[in-house]
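Trainee: Below is the file start.txt, which contains compact mmCIF, C-alpha atoms and all ligand atoms.
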# COMPACT_ATOMS: atom_id res chain seq x y z
CA MET A 1 -11.17 -3.09 19.02
CA ALA A 2 -11.63 -3.20 15.26
CA LYS A 3 -11.72 -6.05 12.74
CA ILE A 4 -8.86 -5.41 10.33
CA LEU A 5 -7.66 -6.98 7.09
CA VAL A 6 -3.88 -6.68 6.66
CA THR A 7 -2.68 -7.30 3.10
CA GLY A 8 0.97 -8.30 2.81
CA GLY A 9 0.96 -9.25 6.49
CA ALA A 10 3.39 -12.13 5.90
CA GLY A 11 6.06 -9.63 4.85
CA TYR A 12 8.51 -7.58 6.87
CA ILE A 13 6.60 -4.43 7.91
CA GLY A 14 3.16 -6.05 7.63
CA SER A 15 4.03 -8.86 10.07
CA HIS A 16 5.41 -6.43 12.65
CA THR A 17 2.23 -4.38 12.32
CA CYS A 18 0.00 -7.47 12.74
CA HIS A 19 1.72 -8.35 15.99
CA ARG A 20 1.40 -4.76 17.20
CA LEU A 21 -2.31 -4.62 16.21
CA LEU A 22 -3.01 -7.79 18.17
CA GLU A 23 -1.18 -6.37 21.19
CA ALA A 24 -3.33 -3.25 20.90
CA GLY A 25 -6.46 -5.44 21.03
CA HIS A 26 -7.51 -5.41 17.37
CA ASP A 27 -8.79 -8.48 15.54
CA VAL A 28 -6.61 -9.22 12.52
CA GLN A 29 -6.79 -11.36 9.38
CA VAL A 30 -3.87 -11.43 6.95
CA LEU A 31 -4.15 -11.65 3.17
CA ASP A 32 -0.88 -12.63 1.50
CA ASP A 33 -0.07 -14.79 -1.53
CA LEU A 34 3.33 -15.68 -0.01
CA SER A 35 5.05 -14.59 -3.24
CA LYS A 36 7.57 -12.75 -1.04
CA GLY A 37 6.44 -13.22 2.55
CA PHE A 38 6.51 -16.18 4.92
CA ALA A 39 3.75 -18.09 6.69
CA HIS A 40 5.94 -18.25 9.81
CA ASN A 41 5.70 -14.44 10.14
CA VAL A 42 1.93 -14.57 10.66
CA PRO A 43 0.37 -15.24 14.07
CA GLU A 44 -1.36 -18.62 14.09
CA GLY A 45 -4.81 -18.95 12.54
CA ARG A 46 -4.72 -15.56 10.83
CA LEU A 47 -3.20 -16.28 7.41
CA ASN A 48 -5.31 -16.38 4.24
CA VAL A 49 -3.20 -17.28 1.20
CA VAL A 50 -4.90 -15.11 -1.39
CA ASN A 51 -3.67 -12.92 -4.25
CA LEU A 52 -5.06 -9.40 -4.53
CA HIS A 53 -6.18 -10.12 -8.09
CA ASP A 54 -8.27 -13.17 -7.14
CA ALA A 55 -11.67 -11.47 -6.87
CA ALA A 56 -13.56 -14.67 -5.95
CA ALA A 57 -11.17 -15.49 -3.09
CA MET A 58 -11.28 -11.86 -1.95
CA ASP A 59 -15.10 -11.93 -1.90
CA LYS A 60 -15.02 -15.12 0.17
CA LEU A 61 -12.62 -13.55 2.67
CA PHE A 62 -14.54 -10.28 2.93
CA SER A 63 -17.82 -12.20 3.32
CA ALA A 64 -16.42 -14.39 6.10
CA HIS A 65 -15.25 -11.38 8.15
CA GLU A 66 -16.92 -8.04 8.57
CA PHE A 67 -13.80 -5.93 8.17
CA GLU A 68 -14.01 -2.37 9.39
CA ALA A 69 -10.74 -1.28 7.79
CA VAL A 70 -7.85 -2.49 5.66
CA ILE A 71 -4.12 -1.90 6.14
CA HIS A 72 -2.52 -2.41 2.74
CA PHE A 73 1.13 -3.47 2.57
CA ALA A 74 0.99 -6.02 -0.28
CA ALA A 75 3.27 -4.91 -3.10
CA PHE A 76 6.55 -5.62 -4.86
CA ILE A 77 9.28 -3.42 -3.40
CA ALA A 78 12.54 -3.79 -5.34
CA VAL A 79 13.37 -0.48 -7.02
CA GLY A 80 15.94 -1.90 -9.47
CA GLU A 81 13.65 -4.75 -10.50
CA SER A 82 10.86 -2.25 -11.14
CA SER A 83 12.98 -0.60 -13.85
CA ARG A 84 13.64 -3.97 -15.48
CA GLU A 85 10.01 -5.17 -15.27
CA PRO A 86 7.79 -2.07 -14.97
CA GLU A 87 4.64 -3.91 -16.14
CA ARG A 88 4.86 -6.30 -13.16
CA TYR A 89 5.13 -3.37 -10.77
CA PHE A 90 2.19 -1.42 -12.20
CA ARG A 91 0.10 -4.60 -12.40
CA ASN A 92 0.84 -5.75 -8.87
CA ASN A 93 1.19 -2.47 -7.00
CA THR A 94 -1.26 -0.17 -8.76
CA GLY A 95 -3.52 -2.84 -10.31
CA GLY A 96 -3.48 -4.93 -7.12
CA SER A 97 -4.48 -1.87 -5.08
CA LEU A 98 -7.36 -1.17 -7.49
CA ALA A 99 -8.53 -4.79 -7.17
CA LEU A 100 -8.45 -4.39 -3.39
CA LEU A 101 -10.37 -1.10 -3.53
CA ASP A 102 -12.98 -2.77 -5.75
CA ALA A 103 -13.39 -5.59 -3.21
CA MET A 104 -13.65 -3.04 -0.39
CA LYS A 105 -16.37 -1.22 -2.32
CA ARG A 106 -18.30 -4.45 -2.98
CA HIS A 107 -18.24 -5.19 0.75
CA GLY A 108 -18.78 -1.69 2.10
CA VAL A 109 -15.35 -1.21 3.72
CA ARG A 110 -14.54 2.51 3.70
CA ARG A 111 -11.24 2.92 5.56
CA ILE A 112 -7.71 2.09 4.43
CA VAL A 113 -4.15 2.73 5.61
CA PHE A 114 -1.75 2.48 2.67
CA SER A 115 2.02 1.83 2.55
CA SER A 116 3.47 4.58 0.42
CA THR A 117 7.11 5.52 0.10
CA ALA A 118 9.66 8.33 -0.03
CA ALA A 119 10.25 7.12 -3.61
CA VAL A 120 7.27 9.28 -4.67
CA TYR A 121 9.53 12.35 -4.27
CA GLY A 122 12.31 11.26 -6.63
CA ASN A 123 15.17 13.77 -6.32
CA PRO A 124 13.79 16.19 -3.73
CA GLU A 125 14.20 19.93 -4.07
CA VAL A 126 13.98 20.57 -0.32
CA VAL A 127 15.48 18.52 2.54
CA PRO A 128 14.03 17.58 5.06
CA ILE A 129 11.21 16.78 2.64
CA PRO A 130 7.71 18.00 3.53
CA GLU A 131 4.65 16.17 2.17
CA ASN A 132 3.81 18.99 -0.25
CA SER A 133 7.16 18.76 -2.07
CA ALA A 134 6.99 17.97 -5.77
CA TRP A 135 6.15 14.32 -6.52
CA LYS A 136 8.49 13.20 -9.26
CA PRO A 137 9.28 9.49 -8.95
CA VAL A 138 12.43 8.39 -10.76
CA ASN A 139 11.53 4.70 -11.04
CA PRO A 140 8.40 2.61 -11.81
CA TYR A 141 8.20 1.44 -8.19
CA GLY A 142 7.75 5.02 -6.91
CA GLU A 143 5.34 5.82 -9.74
CA SER A 144 3.26 2.68 -9.01
CA LYS A 145 2.85 3.90 -5.43
CA LEU A 146 2.11 7.49 -6.43
CA MET A 147 -0.59 6.22 -8.83
CA THR A 148 -2.17 4.35 -5.93
CA GLU A 149 -2.05 7.46 -3.77
CA THR A 150 -3.69 9.42 -6.58
CA THR A 151 -6.45 6.81 -6.82
CA LEU A 152 -7.01 7.01 -3.07
CA ARG A 153 -7.19 10.79 -3.20
CA TRP A 154 -9.84 10.75 -5.92
CA LEU A 155 -11.87 7.99 -4.26
CA SER A 156 -11.76 10.04 -1.08
CA GLU A 157 -12.93 13.12 -2.94
CA CYS A 158 -15.60 11.44 -5.08
CA SER A 159 -16.93 8.72 -2.81
CA GLY A 160 -15.92 9.56 0.73
CA LEU A 161 -13.31 6.81 1.19
CA LYS A 162 -11.22 7.56 4.30
CA TYR A 163 -7.52 6.89 3.86
CA VAL A 164 -4.12 7.47 5.36
CA ALA A 165 -1.06 7.05 3.14
CA LEU A 166 2.16 6.71 5.11
CA ARG A 167 5.25 7.52 3.06
CA TYR A 168 7.93 5.50 4.78
CA PHE A 169 11.57 6.38 4.47
CA ASN A 170 14.04 3.49 5.08
CA ALA A 171 12.41 0.86 7.29
CA CYS A 172 14.91 -1.10 9.35
CA GLY A 173 15.46 -3.24 12.44
CA ALA A 174 13.33 -5.92 14.05
CA GLU A 175 11.19 -6.40 17.13
CA PRO A 176 12.67 -9.22 19.21
CA ARG A 177 9.46 -10.05 21.06
CA TYR A 178 7.68 -10.86 17.78
CA GLY A 179 10.43 -13.11 16.36
CA VAL A 180 10.12 -11.58 12.90
CA GLY A 181 12.61 -9.51 10.91
CA GLU A 182 13.81 -8.46 7.48
CA GLU A 183 14.11 -11.44 5.11
CA HIS A 184 13.68 -10.03 1.61
CA ASP A 185 14.83 -12.22 -1.26
CA PRO A 186 16.74 -10.80 -2.98
CA GLU A 187 17.72 -8.37 -0.21
CA THR A 188 18.28 -4.86 -1.49
CA HIS A 189 18.28 -2.88 1.77
CA LEU A 190 21.49 -1.55 3.23
CA ILE A 191 21.42 -2.68 6.86
CA PRO A 192 20.65 -6.38 6.23
CA LEU A 193 23.17 -6.37 3.36
CA ILE A 194 25.85 -5.00 5.70
CA LEU A 195 25.03 -7.57 8.38
CA LYS A 196 25.07 -10.39 5.81
CA ALA A 197 28.49 -9.16 4.63
CA ILE A 198 29.77 -9.45 8.19
CA ARG A 199 28.43 -13.00 8.52
CA SER A 200 29.55 -14.23 5.09
CA GLY A 201 32.79 -12.24 4.69
CA LYS A 202 31.62 -11.30 1.17
CA PRO A 203 31.88 -7.52 0.68
CA VAL A 204 28.86 -5.28 0.37
CA THR A 205 29.01 -2.63 -2.39
CA VAL A 206 28.73 1.07 -1.54
CA PHE A 207 27.10 2.68 -4.58
CA GLY A 208 28.77 6.03 -5.22
CA GLN A 209 31.29 8.01 -3.19
CA ASP A 210 31.10 11.32 -5.04
CA TYR A 211 27.73 12.65 -3.88
CA ALA A 212 27.50 16.18 -2.47
CA THR A 213 27.39 14.87 1.11
CA PRO A 214 30.06 15.20 3.85
CA ASP A 215 31.62 11.77 3.16
CA GLY A 216 30.46 11.43 -0.47
CA THR A 217 28.00 8.56 0.17
CA CYS A 218 24.20 8.71 0.07
CA ILE A 219 22.27 9.83 3.13
CA ARG A 220 19.01 8.17 4.17
CA ASP A 221 16.50 8.47 7.00
CA TYR A 222 16.27 5.13 8.85
CA VAL A 223 13.07 4.47 10.78
CA HIS A 224 12.60 1.43 13.00
CA VAL A 225 9.95 -1.06 11.87
CA SER A 226 8.34 -1.05 15.35
CA ASP A 227 7.90 2.71 15.11
CA LEU A 228 6.31 2.24 11.68
CA ALA A 229 4.00 -0.45 13.11
CA GLU A 230 2.96 2.01 15.81
CA ALA A 231 2.26 4.68 13.16
CA HIS A 232 -0.16 2.25 11.48
CA VAL A 233 -2.00 1.53 14.71
CA LYS A 234 -2.32 5.25 15.38
CA ALA A 235 -3.49 5.93 11.81
CA LEU A 236 -6.06 3.15 12.07
CA ASP A 237 -7.36 4.33 15.46
CA TRP A 238 -7.64 7.84 14.07
CA LEU A 239 -9.68 6.72 11.04
CA MET A 240 -11.88 4.53 13.28
CA ALA A 241 -12.54 7.57 15.48
CA GLY A 242 -13.68 9.59 12.44
CA GLY A 243 -10.34 11.20 11.55
CA GLU A 244 -10.16 12.91 8.15
CA GLY A 245 -7.13 11.02 6.85
CA GLY A 246 -4.39 12.26 4.56
CA VAL A 247 -0.80 11.75 3.51
CA PHE A 248 2.06 11.64 6.01
CA ASN A 249 5.81 11.17 5.90
CA ALA A 250 7.13 8.55 8.30
CA GLY A 251 10.80 9.02 9.09
CA THR A 252 12.86 10.21 12.04
CA GLY A 253 14.16 13.40 10.43
CA HIS A 254 17.78 12.27 10.93
CA GLY A 255 19.92 11.27 7.99
CA PHE A 256 22.87 8.85 8.03
CA SER A 257 25.34 8.21 5.23
CA VAL A 258 26.18 4.71 4.00
CA LEU A 259 29.59 4.96 5.66
CA GLU A 260 27.98 6.03 8.95
CA VAL A 261 25.73 2.96 8.81
CA ILE A 262 28.80 0.79 8.21
CA ARG A 263 30.55 2.36 11.23
CA ALA A 264 27.43 1.83 13.37
CA ALA A 265 27.31 -1.84 12.33
CA GLU A 266 30.99 -2.21 13.26
CA ALA A 267 30.34 -0.63 16.66
CA VAL A 268 27.31 -2.86 17.33
CA THR A 269 28.85 -6.15 16.18
CA GLY A 270 32.48 -5.53 17.11
CA GLN A 271 33.41 -6.78 13.64
CA LYS A 272 34.78 -5.17 10.49
CA VAL A 273 32.34 -4.72 7.61
CA PRO A 274 33.90 -5.92 4.34
CA TYR A 275 32.90 -3.42 1.63
CA ILE A 276 33.92 -2.20 -1.79
CA MET A 277 33.24 1.10 -3.49
CA GLY A 278 31.08 0.92 -6.64
CA GLU A 279 29.58 3.29 -9.17
CA ARG A 280 26.49 5.36 -8.43
CA ARG A 281 23.19 3.64 -9.22
CA ILE A 282 20.82 5.43 -11.60
CA GLY A 283 18.03 7.21 -9.76
CA ASP A 284 19.60 7.23 -6.29
CA PRO A 285 19.08 10.71 -4.78
CA ALA A 286 21.98 12.02 -2.67
CA VAL A 287 19.87 12.77 0.41
CA LEU A 288 16.42 11.56 1.50
CA VAL A 289 15.39 12.80 4.92
CA ALA A 290 11.80 13.21 6.09
CA ASP A 291 10.04 16.15 7.59
CA SER A 292 7.61 14.12 9.74
CA ALA A 293 6.24 17.02 11.77
CA LYS A 294 2.74 16.44 10.35
CA LEU A 295 2.61 12.82 11.51
CA GLN A 296 4.08 13.70 14.89
CA LYS A 297 1.58 16.52 15.42
CA THR A 298 -1.57 14.92 14.00
CA LEU A 299 -1.17 11.42 15.41
CA ASN A 300 1.15 12.17 18.31
CA TRP A 301 3.64 9.74 16.78
CA ILE A 302 7.04 9.82 18.41
CA PRO A 303 9.62 7.32 17.17
CA LYS A 304 11.03 5.39 20.14
CA TYR A 305 14.20 4.23 18.42
CA ALA A 306 16.35 7.33 18.54
CA THR A 307 19.82 6.13 17.56
CA LEU A 308 21.14 4.31 14.53
CA GLU A 309 23.05 1.92 16.83
CA GLU A 310 19.81 0.80 18.54
CA MET A 311 18.18 0.15 15.18
CA VAL A 312 21.19 -1.77 13.83
CA ALA A 313 21.46 -3.75 17.08
CA SER A 314 17.87 -4.96 16.75
CA ALA A 315 18.53 -6.02 13.14
CA TRP A 316 21.73 -7.80 14.22
CA ALA A 317 19.88 -9.67 16.97
CA PHE A 318 17.43 -10.98 14.35
CA GLU A 319 20.15 -11.72 11.79
CA SER A 320 22.23 -13.61 14.36
CA SER A 321 19.30 -15.74 15.49
CA HIS A 322 18.32 -16.76 11.93
CA SER A 323 20.56 -18.98 9.86
CA HIS A 324 19.86 -18.51 6.15
CA GLY A 325 22.73 -20.68 4.95
CA ASP A 326 24.36 -17.86 2.98
N1 LIG A 401 10.84 -1.86 3.38
C1 LIG A 401 10.92 -0.55 3.22
O1 LIG A 401 11.92 0.09 3.58
C2 LIG A 401 9.77 0.20 2.62
C3 LIG A 401 9.92 1.59 2.40
C4 LIG A 401 8.84 2.28 1.84
C5 LIG A 401 7.66 1.63 1.56
N2 LIG A 401 7.55 0.29 1.75
C6 LIG A 401 6.27 -0.36 1.42
O2 LIG A 401 5.87 -1.12 2.54
C7 LIG A 401 5.16 -2.29 2.11
C8 LIG A 401 5.74 -3.50 2.81
O3 LIG A 401 7.13 -3.60 2.53
P1 LIG A 401 7.98 -4.82 3.09
O4 LIG A 401 9.40 -4.38 3.19
O5 LIG A 401 7.31 -5.38 4.29
O6 LIG A 401 7.85 -5.84 1.87
P2 LIG A 401 7.68 -7.44 1.87
O7 LIG A 401 8.05 -7.91 0.51
O8 LIG A 401 8.39 -8.03 3.04
O9 LIG A 401 6.10 -7.62 2.10
C9 LIG A 401 5.17 -7.49 1.05
C10 LIG A 401 4.20 -8.66 1.17
O10 LIG A 401 3.18 -8.52 0.18
C11 LIG A 401 2.89 -9.81 -0.38
N3 LIG A 401 2.32 -9.58 -1.72
C12 LIG A 401 2.92 -8.93 -2.76
N4 LIG A 401 2.06 -8.90 -3.80
C13 LIG A 401 0.92 -9.51 -3.41
C14 LIG A 401 -0.33 -9.78 -4.04
N5 LIG A 401 -0.58 -9.41 -5.32
N6 LIG A 401 -1.29 -10.44 -3.35
C15 LIG A 401 -1.07 -10.82 -2.07
N7 LIG A 401 0.10 -10.60 -1.41
C16 LIG A 401 1.08 -9.95 -2.09
C17 LIG A 401 4.23 -10.53 -0.39
O11 LIG A 401 4.09 -11.94 -0.40
C18 LIG A 401 4.86 -10.02 0.92
O12 LIG A 401 4.57 -10.87 2.01
C19 LIG A 401 5.25 -2.31 0.60
O13 LIG A 401 4.03 -1.84 0.07
C20 LIG A 401 6.39 -1.36 0.29
O14 LIG A 401 6.21 -0.75 -0.96
C21 LIG A 401 8.58 -0.43 2.27
What does the file become when written as structure tokens?

Mentor:
Amino acid sequence: MAKILVTGGAGYIGSHTCHRLLEAGHDVQVLDDLSKGFAHNVPEGRLNVVNLHDAAAMDKLFSAHEFEAVIHFAAFIAVGESSREPERYFRNNTGGSLALLDAMKRHGVRRIVFSSTAAVYGNPEVVPIPENSAWKPVNPYGESKLMTETTLRWLSECSGLKYVALRYFNACGAEPRYGVGEEHDPETHLIPLILKAIRSGKPVTVFGQDYATPDGTCIRDYVHVSDLAEAHVKALDWLMAGGEGGVFNAGTGHGFSVLEVIRAAEAVTGQKVPYIMGERRIGDPAVLVADSAKLQKTLNWIPKYATLEEMVASAWAFESSHSHGD
């Protein structure tokens, strides 16, 4: 059992991971400023409402608990918004990570698992994408994450920090036994948008139908949030056991087009998805599919959610049990 600080633990992936860490026997404290997350996502008695940039509050938290490692989810995540307000993204995502690393250094914490993203690849040259593909983000969000990865790499090289960066592909679904799910505001992710369209009757927009894919719509690699939570627990256990660390893709290796996701949602819910066709969005690659062999081999990580229908069904169960009034 290790004593872990989880930043961003009131958010979607962070809250699932907190629940999973507790199940695995770890002791967890959450740091979240609730700018995007929700107190109700955090197991009782574990929430500390603190911003990454508040050095005094961070020192108090680190002094009160002898953390052995940090799992760092806290960030802004909306790709489109990052192009409109790049400063906010670099300040919060890259600057916030630096502030966290400073606090870790002040308090002698030398292990971190970091939420990175497939957005570091931009438009990939090879699919499925291996970790050593070119890193060419096409938006400030992806760049803000790549800059954090770069910082981690140099701190590892120069001062022996141990880190794992997990580059998630498209996180989705929910874990019913935890009672948490995807509640981003504004929501920008496809599966919750499709499910909201079913509930509200207001059409969801499919961005682009002229990509070089079999049905013309973008293809993404959907990975269940419980499988991601498990990847974090494995990464943490590995670092605690003296593992070297490194950078890993986290996806299933299977790609689904937007229209395939719509069909899966119709099969799961038994209802028609209202949708309209729109223009391509700037910076949307045609296909993003992970080569996750490194994660599978190194950490023995095997995603349990194998089909798109299972993933969509778990998201639908959460969506149906939560009334958002929209
Ligand atoms: N959702 C995805 O598909 C996806 C894909 C790739 C990577 N990621 C990464 O995973 C992480 C978690 O994503 P998510 O979908 O759970 O997002 P989320 O918005 O649900 O959670 C992020 C949490 O961080 C908190 N936060 C943000 N800035 C903070 C700050 N300065 N101080 C304290 N708390 C702060 C927010 O309040 C929120 O609770 C992010 O780092 C994101 O970049 C997500």

Trainee: Which residues are near A:Arg280? Cut-off 10 Å, only C-alpha atoms, ignore same chain within fewer than 3 positions. Put them as a PyMOL selection string.

Mentor: chain A and resi 206-211+217-218+277+283-286

Trainee: So, counting all atoms listed in the file, which residue among A:Glu279, A:Glu230, A:Asp185, A:Glu125 is closest to ligand LIG 401 (chain A)?

Mentor: A:Asp185

Trainee: Return as a ChimeraX atom specification the residues of protein, DNA or RNA that approach ligand LIG 401 (chain A) to within 8 Å, with all atoms listed in the file taken into account.

Mentor: /A:7-15,31-38,49-53,72-77,92-93,96,114-119,141,145,167-172,182-184,189

Trainee: Within 6 Å of stretch 154-164 of chain A, counting all atoms listed in the file, which residues show up once you throw out same-chain ones fewer than 6 positions away? Write them as a list in words, please.

Mentor: Arg110, Arg111, Ile112, Val113, Gly245, Gly246 and Val247 of chain A

Trainee: Dump C-alpha atoms for the selected residues as a tab-separated table (two decimals), in the frame of the given file?

Mentor:
chain	number	residue	atom	x	y	z
A	110	ARG	CA	-14.54	2.51	3.70
A	111	ARG	CA	-11.24	2.92	5.56
A	112	ILE	CA	-7.71	2.09	4.43
A	113	VAL	CA	-4.15	2.73	5.61
A	245	GLY	CA	-7.13	11.02	6.85
A	246	GLY	CA	-4.39	12.26	4.56
A	247	VAL	CA	-0.80	11.75	3.51

Trainee: With a distance cut-off of 8 Å and all atoms listed in the file, select the neighbouring residues of A:His107, excluding the residue or stretch itself and same-chain residues fewer than 5 positions from it, and output the selection as a list in words.

Mentor: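 In the requested format, the answer is Asp59, Phe62 and Ser63 of chain A.
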
Trainee: Within 9 Å of A:His224, counting only C-alpha atoms, which residues show up once you throw out same-chain ones fewer than 6 positions away? Write them as a list in words, please.

Mentor: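 Returned residues: Asn170, Ala171, Cys172, Gly173, Ala174, Glu175, Gly251, Thr252, Pro303, Lys304, Tyr305, Ala306 and Met311 of chain A.
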
Trainee: Next, dump the selected residues to file, keeping only C-alpha atoms, as a compact mmCIF listing (two decimals), in the coordinates of the input.

Mentor:
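Resulting contents of out-v4.txt:
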# COMPACT_ATOMS: atom_id res chain seq x y z
CA ASN A 170 14.04 3.49 5.08
CA ALA A 171 12.41 0.86 7.29
CA CYS A 172 14.91 -1.10 9.35
CA GLY A 173 15.46 -3.24 12.44
CA ALA A 174 13.33 -5.92 14.05
CA GLU A 175 11.19 -6.40 17.13
CA GLY A 251 10.80 9.02 9.09
CA THR A 252 12.86 10.21 12.04
CA PRO A 303 9.62 7.32 17.17
CA LYS A 304 11.03 5.39 20.14
CA TYR A 305 14.20 4.23 18.42
CA ALA A 306 16.35 7.33 18.54
CA MET A 311 18.18 0.15 15.18

Trainee: Please write as a PyMOL selection string the list of polymer residues whose atoms come within 10 Å of (-3.0, 11.2, 14.6), counting all atoms listed in the file and keeping to the coordinates of the file.

Mentor: chain A and resi 231-239+243-245+248+294-301

Trainee: Nearest to A:Val289: which of A:Arg220, A:Lys272, A:Arg263, A:Arg84 is it, counting only C-alpha atoms?

Mentor: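 Nearest to A:Val289: A:Arg220.
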
Trainee: Write out as a list in words the residues lying within 9 Å of A:Phe90, counting all atoms listed in the file and excluding same-chain residues fewer than 4 positions away.

Mentor: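 These residues fall inside the cut-off: Ser82, Pro86, Thr94, Gly95, Gly96, Pro140, Tyr141, Glu143, Ser144, Lys145 and Met147 of chain A.
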
Trainee: One decimal, in Å: what's the spacing between atom CA of A:Val28 and atom CA of A:Ile4?

Mentor: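 Computing it gives 4.9 Å between the two atoms.
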
Trainee: Atom CA of A:Met104 and atom CA of A:Leu166 are how many Å apart?

Mentor: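 Distance between the two atoms: 19.4 Å.
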
Trainee: Tell me, in Å to one decimal, how far atom CA of A:Ala55 is from atom CA of A:Thr17.

Mentor: 24.7 Å

Trainee: Between A:Val225, A:Val180, A:Leu190, A:Met240, which residue has the minimum interatomic distance to A:Ala317, considering all atoms listed in the file?

Mentor: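 Smallest distance to A:Ala317 is found for A:Val180.
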